[in-house]
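Visitor: I have a structure I would like to understand better, so I am pasting it below and will then ask my questions one at a time.
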Amino acid sequence: MLLSPSTVWLEATRPKTLLLAIAALLCGNALAVSQGHFSPSVATLALITALLLQILSNLANDYGDVKKGTDNANRLGPIRGLQSGAISLSAMRMAMAVTLLLIILSGLALLILAQPATTVLLIFLGLGAAAIIAALAYTLGKRPYGYRGLGDPAVLIFFGWVAVGGSYYLQSHLFSLEILLPATASGLLAVGVLNLNNLRDMDNDRACGKITLAARLGSRLGRGYHLGLLAASVLCFAAYNVISALPSWCWLYLLAIPLLLQHGIQVWATTEGQALRPMLGQLIRAAMFTNLLYAVGLILSR
């Protein structure tokens, strides 16, 4: 079945993964709201910037993996537009350039609107540049870090600490080390999505020289690591609640534990990569639900 060009490009952005960026921004903004700080315009621009960064990462990921031969017939994931030939390399380069320009415009508009202090402004400019480099360097270049098992810490940093902590600061102009706990919790769920993706394609990745952390750990340890990510996320949210002496509403996220538990049991029991495919969407939804419940609890506790 031939897909329309618009559908092909929509799928190239990987819409499901965009929920991870939304989840992180929900958490960061809700933390600010719980302390009496919220600007709808700042929240909107932060969300747009985060989504564009995620799209750039997805496009660059496809481009790098196709160029290196990792996206091939042996890969178990869905066939991408670039891999199938529905999108040309030149068109993908143009899409990446346009997305990069939009990120710069949106990011600068966000900083102008949020008006951080000069020192903090410079820090955010540096973080923005680092986020762009991280989005591109995951699979691009001679030594992409995603091929050396460094994708997991990068996701934790940018989907957790930067996305949650950064959105919280831009709303409140405040920061404390305790904020890194919910930021870590949100980031670990995003790392889980990456790990599951890498567990699925572990054999093909190894054959192509893409040595992800999952490829280094192997199937059994990789699945154990996956369970550890889910458990650590739940505990980090709990630790922040306890340290900050938050009211009972902030424990609302515990309602998501059955979903996370069910997912973890299924992953642990699954050794075939093909069987992991439907579990990616399952985890993305569970991560979104967990962050959403936590955000709602924070807002209700105000």
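Quick note on naming: the chains in the structure tokens go A, B, ... in the order shown, residues restart at 1 in each chain, and ligands are numbered from 1 in order of appearance.
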Extract, using only C-alpha atoms, all DNA, RNA and protein residues at most 7 Å from Ala185 (chain A), discarding same-chain residues fewer than 2 positions from it, and format them as a list of chain:residue names.
Guide: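 Contacts, with the query itself left out: A:Leu181, A:Pro182, A:Ala183, A:Gly187, A:Leu188, A:Leu189, A:Ser233, A:Val234, A:Cys236, A:Phe237.
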Visitor: Skipping near chain neighbours, those fewer than 5 positions away, what residues fall within 7 Å of region 100-104 of chain A using only C-alpha atoms, listed as a list in words?
Guide: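 Counting only C-alpha atoms, the residues come to Thr49, Leu52, Leu53 and Leu56 of chain A.
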Visitor: Restrict the selected residues to N, CA and C atoms and save them as a tab-separated table (two decimals), in the first residue's frame.
Guide:
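Output file again-v4.tsv follows:
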```
chain	number	residue	atom	x	y	z
A	49	THR	N	9.50	23.99	21.29
A	49	THR	CA	10.94	23.78	21.15
A	49	THR	C	11.32	22.33	21.44
A	52	LEU	N	10.19	20.06	18.57
A	52	LEU	CA	11.06	20.23	17.40
A	52	LEU	C	12.40	19.54	17.59
A	53	LEU	N	12.94	19.61	18.80
A	53	LEU	CA	14.19	18.91	19.10
A	53	LEU	C	14.01	17.40	18.97
A	56	LEU	N	13.83	16.60	15.26
A	56	LEU	CA	15.17	16.66	14.67
A	56	LEU	C	15.96	15.39	15.00
```
Visitor: Enumerate, in order of chain and increasing residue number, the residues of region 136-238 of chain A with an atom no farther than 10 Å from region 124-128 of chain A, each with its shortest atom pair and distance in Å to one decimal, counting only C-alpha atoms, as JSON lines.
Guide:
```
{"residue": "A:Phe158", "atom": "CA", "partner": "A:Leu127", "partner_atom": "CA", "distance": 9.0}
{"residue": "A:Val162", "atom": "CA", "partner": "A:Leu127", "partner_atom": "CA", "distance": 7.8}
{"residue": "A:Gly166", "atom": "CA", "partner": "A:Phe124", "partner_atom": "CA", "distance": 8.2}
{"residue": "A:Leu170", "atom": "CA", "partner": "A:Phe124", "partner_atom": "CA", "distance": 9.7}
```
Visitor: May I have the residues within 9 Å of Leu227 (chain A) as a list of chain:residue names, using only C-alpha atoms and disregarding those fewer than 2 positions away in the same chain?
Guide: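 Contacts, in chain order: A:Gly192, A:Gly222, A:Arg223, A:Gly224, A:Tyr225, A:Leu229, A:Leu230, A:Ala231, A:Ala232, A:Leu261, A:Gly264, A:Ile265, A:Val267, A:Trp268.
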Visitor: Quick one: write out the picked residues with N, CA and C atoms as a PDB file, in the first residue's frame?
Guide:
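Result file follows (part.pdb):
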```
ATOM      1  N   GLY A 192      13.912   4.087  29.285  1.00  0.00           N
ATOM      2  CA  GLY A 192      13.304   2.778  29.123  1.00  0.00           C
ATOM      3  C   GLY A 192      12.818   2.545  27.702  1.00  0.00           C
ATOM      4  N   GLY A 222      19.977  -6.865  29.920  1.00  0.00           N
ATOM      5  CA  GLY A 222      19.272  -5.724  29.345  1.00  0.00           C
ATOM      6  C   GLY A 222      17.842  -5.647  29.819  1.00  0.00           C
ATOM      7  N   ARG A 223      17.192  -6.810  29.974  1.00  0.00           N
ATOM      8  CA  ARG A 223      15.820  -6.827  30.480  1.00  0.00           C
ATOM      9  C   ARG A 223      15.788  -6.517  31.976  1.00  0.00           C
ATOM     10  N   GLY A 224      16.812  -6.982  32.699  1.00  0.00           N
ATOM     11  CA  GLY A 224      16.902  -6.635  34.117  1.00  0.00           C
ATOM     12  C   GLY A 224      17.128  -5.147  34.309  1.00  0.00           C
ATOM     13  N   TYR A 225      17.973  -4.576  33.462  1.00  0.00           N
ATOM     14  CA  TYR A 225      18.218  -3.127  33.475  1.00  0.00           C
ATOM     15  C   TYR A 225      16.924  -2.370  33.208  1.00  0.00           C
ATOM     16  N   LEU A 229      15.098   0.489  35.532  1.00  0.00           N
ATOM     17  CA  LEU A 229      14.726   1.846  35.109  1.00  0.00           C
ATOM     18  C   LEU A 229      13.314   2.195  35.579  1.00  0.00           C
ATOM     19  N   LEU A 230      12.390   1.249  35.413  1.00  0.00           N
ATOM     20  CA  LEU A 230      11.004   1.493  35.815  1.00  0.00           C
ATOM     21  C   LEU A 230      10.900   1.674  37.328  1.00  0.00           C
ATOM     22  N   ALA A 231      11.572   0.802  38.068  1.00  0.00           N
ATOM     23  CA  ALA A 231      11.511   0.882  39.530  1.00  0.00           C
ATOM     24  C   ALA A 231      12.155   2.167  40.040  1.00  0.00           C
ATOM     25  N   ALA A 232      13.305   2.532  39.463  1.00  0.00           N
ATOM     26  CA  ALA A 232      14.008   3.740  39.904  1.00  0.00           C
ATOM     27  C   ALA A 232      13.180   4.989  39.625  1.00  0.00           C
ATOM     28  N   LEU A 261       4.099  -2.226  36.015  1.00  0.00           N
ATOM     29  CA  LEU A 261       4.383  -3.578  36.483  1.00  0.00           C
ATOM     30  C   LEU A 261       4.039  -4.606  35.405  1.00  0.00           C
ATOM     31  N   GLY A 264       6.634  -4.398  32.741  1.00  0.00           N
ATOM     32  CA  GLY A 264       7.902  -4.976  33.168  1.00  0.00           C
ATOM     33  C   GLY A 264       7.877  -6.497  33.148  1.00  0.00           C
ATOM     34  N   ILE A 265       6.776  -7.093  33.599  1.00  0.00           N
ATOM     35  CA  ILE A 265       6.644  -8.555  33.598  1.00  0.00           C
ATOM     36  C   ILE A 265       6.689  -9.096  32.171  1.00  0.00           C
ATOM     37  N   VAL A 267       8.095  -7.688  29.511  1.00  0.00           N
ATOM     38  CA  VAL A 267       9.447  -7.543  28.957  1.00  0.00           C
ATOM     39  C   VAL A 267      10.362  -8.628  29.513  1.00  0.00           C
ATOM     40  N   TRP A 268      10.284  -8.874  30.816  1.00  0.00           N
ATOM     41  CA  TRP A 268      11.143  -9.875  31.446  1.00  0.00           C
ATOM     42  C   TRP A 268      10.893 -11.268  30.863  1.00  0.00           C
TER      43      TRP A 268
END
```
Visitor: For Leu298 (chain A), work out the shell of residues within 7 Å, counting only C-alpha atoms and skipping chain neighbours fewer than 5 positions away, then give it as a PyMOL selection string.
Guide: chain A and resi 30-31+34+249-250
Visitor: Can you write out as a Markdown table which residues of region 145-257 of chain A fall within 7 Å of region 282-292 of chain A, alongside each residue's closest atom pair and its distance in Å to one decimal, counting only C-alpha atoms and ordering rows by chain and ascending residue number?
Guide:
```
| residue | atom | partner | partner_atom | distance |
| --- | --- | --- | --- | --- |
| A:Ser186 | CA | A:Asn291 | CA | 6.9 |
| A:Leu189 | CA | A:Ala287 | CA | 5.9 |
| A:Val193 | CA | A:Leu283 | CA | 6.6 |
| A:Tyr253 | CA | A:Thr290 | CA | 5.5 |
| A:Ala256 | CA | A:Thr290 | CA | 5.4 |
```
Visitor: For the selection you just gave me, I'd like the residues written to a file as a PDB file, in the first residue's frame, keeping N, CA, C and O atoms.
Guide:
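Result written to selection37.pdb:
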```pdb
ATOM      1  N   SER A 186      11.233  11.209  35.354  1.00  0.00           N
ATOM      2  CA  SER A 186      10.674  11.355  34.008  1.00  0.00           C
ATOM      3  C   SER A 186      11.678  10.888  32.960  1.00  0.00           C
ATOM      4  O   SER A 186      11.321  10.200  31.993  1.00  0.00           O
ATOM      5  N   LEU A 189      12.050   6.988  32.482  1.00  0.00           N
ATOM      6  CA  LEU A 189      11.008   6.363  31.668  1.00  0.00           C
ATOM      7  C   LEU A 189      11.319   6.512  30.181  1.00  0.00           C
ATOM      8  O   LEU A 189      11.084   5.593  29.391  1.00  0.00           O
ATOM      9  N   VAL A 193      12.255   3.581  27.085  1.00  0.00           N
ATOM     10  CA  VAL A 193      11.786   3.468  25.701  1.00  0.00           C
ATOM     11  C   VAL A 193      12.972   3.208  24.770  1.00  0.00           C
ATOM     12  O   VAL A 193      12.916   2.340  23.888  1.00  0.00           O
ATOM     13  N   TYR A 253       0.234   9.450  41.166  1.00  0.00           N
ATOM     14  CA  TYR A 253       0.957   8.737  40.105  1.00  0.00           C
ATOM     15  C   TYR A 253       1.084   7.238  40.385  1.00  0.00           C
ATOM     16  O   TYR A 253       1.332   6.438  39.470  1.00  0.00           O
ATOM     17  N   ALA A 256      -0.444   4.505  38.293  1.00  0.00           N
ATOM     18  CA  ALA A 256       0.168   4.028  37.049  1.00  0.00           C
ATOM     19  C   ALA A 256       1.035   2.789  37.268  1.00  0.00           C
ATOM     20  O   ALA A 256       1.464   2.155  36.298  1.00  0.00           O
TER      21      ALA A 256
END
```
Visitor: Can you tell me how far CA of Lys142 (chain A) sits from CA of Gly64 (chain A), in Å to one decimal?
Guide: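 Atom-to-atom, CA of Lys142 (chain A) to CA of Gly64 (chain A), that is 10.1 Å.
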Visitor: Distance CA of Tyr240 (chain A)-CA of Ser176 (chain A), one decimal place?
Guide: 11.4 Å
Visitor: For region 148-151 of chain A, list every protein, DNA or RNA residue within 8 Å, evaluated using only C-alpha atoms, and leave out those in the same chain fewer than 2 positions away; present the list as a PyMOL selection string.
Guide: chain A and resi 138+144-146+153-155+194+210-214+216
Visitor: Produce a file of the selected residues containing N, CA, C and O atoms, as a compact mmCIF listing (two decimals), in the first residue's frame.
Guide:
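out-v3.txt written:
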```txt
# COMPACT_ATOMS: atom_id res chain seq x y z
N TYR A 138 23.78 11.55 17.61
CA TYR A 138 23.41 10.20 18.07
C TYR A 138 23.76 9.16 17.00
O TYR A 138 24.30 8.08 17.32
N PRO A 144 29.43 8.36 16.08
CA PRO A 144 28.16 8.70 16.74
C PRO A 144 28.08 8.04 18.12
O PRO A 144 28.40 6.86 18.27
N TYR A 145 27.65 8.81 19.10
CA TYR A 145 27.64 8.28 20.46
C TYR A 145 26.60 7.18 20.67
O TYR A 145 26.73 6.34 21.55
N GLY A 146 25.55 7.17 19.84
CA GLY A 146 24.55 6.11 19.94
C GLY A 146 25.11 4.75 19.57
O GLY A 146 24.57 3.72 19.98
N PRO A 153 22.50 7.65 28.80
CA PRO A 153 22.73 8.85 29.61
C PRO A 153 22.30 10.14 28.91
O PRO A 153 21.85 11.08 29.57
N ALA A 154 22.42 10.18 27.58
CA ALA A 154 22.01 11.39 26.85
C ALA A 154 20.51 11.60 26.98
O ALA A 154 20.04 12.74 27.17
N VAL A 155 19.73 10.53 26.89
CA VAL A 155 18.27 10.64 27.03
C VAL A 155 17.91 11.09 28.44
O VAL A 155 17.04 11.94 28.63
N LEU A 194 14.06 3.94 24.97
CA LEU A 194 15.25 3.72 24.15
C LEU A 194 15.80 2.31 24.36
O LEU A 194 16.17 1.62 23.40
N LYS A 210 26.69 -1.22 15.68
CA LYS A 210 26.01 -0.28 16.57
C LYS A 210 25.93 -0.94 17.95
O LYS A 210 25.02 -1.73 18.23
N ILE A 211 26.88 -0.63 18.81
CA ILE A 211 26.97 -1.29 20.11
C ILE A 211 26.28 -0.43 21.16
O ILE A 211 26.91 0.35 21.87
N THR A 212 24.97 -0.58 21.24
CA THR A 212 24.18 0.13 22.24
C THR A 212 24.43 -0.48 23.62
O THR A 212 25.06 -1.55 23.74
N LEU A 213 23.92 0.18 24.65
CA LEU A 213 24.07 -0.39 25.99
C LEU A 213 23.37 -1.74 26.07
O LEU A 213 23.88 -2.68 26.70
N ALA A 214 22.21 -1.88 25.43
CA ALA A 214 21.50 -3.16 25.41
C ALA A 214 22.35 -4.23 24.74
O ALA A 214 22.38 -5.39 25.19
N ARG A 216 25.57 -4.31 24.66
CA ARG A 216 26.66 -4.64 25.59
C ARG A 216 26.18 -5.56 26.71
O ARG A 216 26.88 -6.50 27.11
```
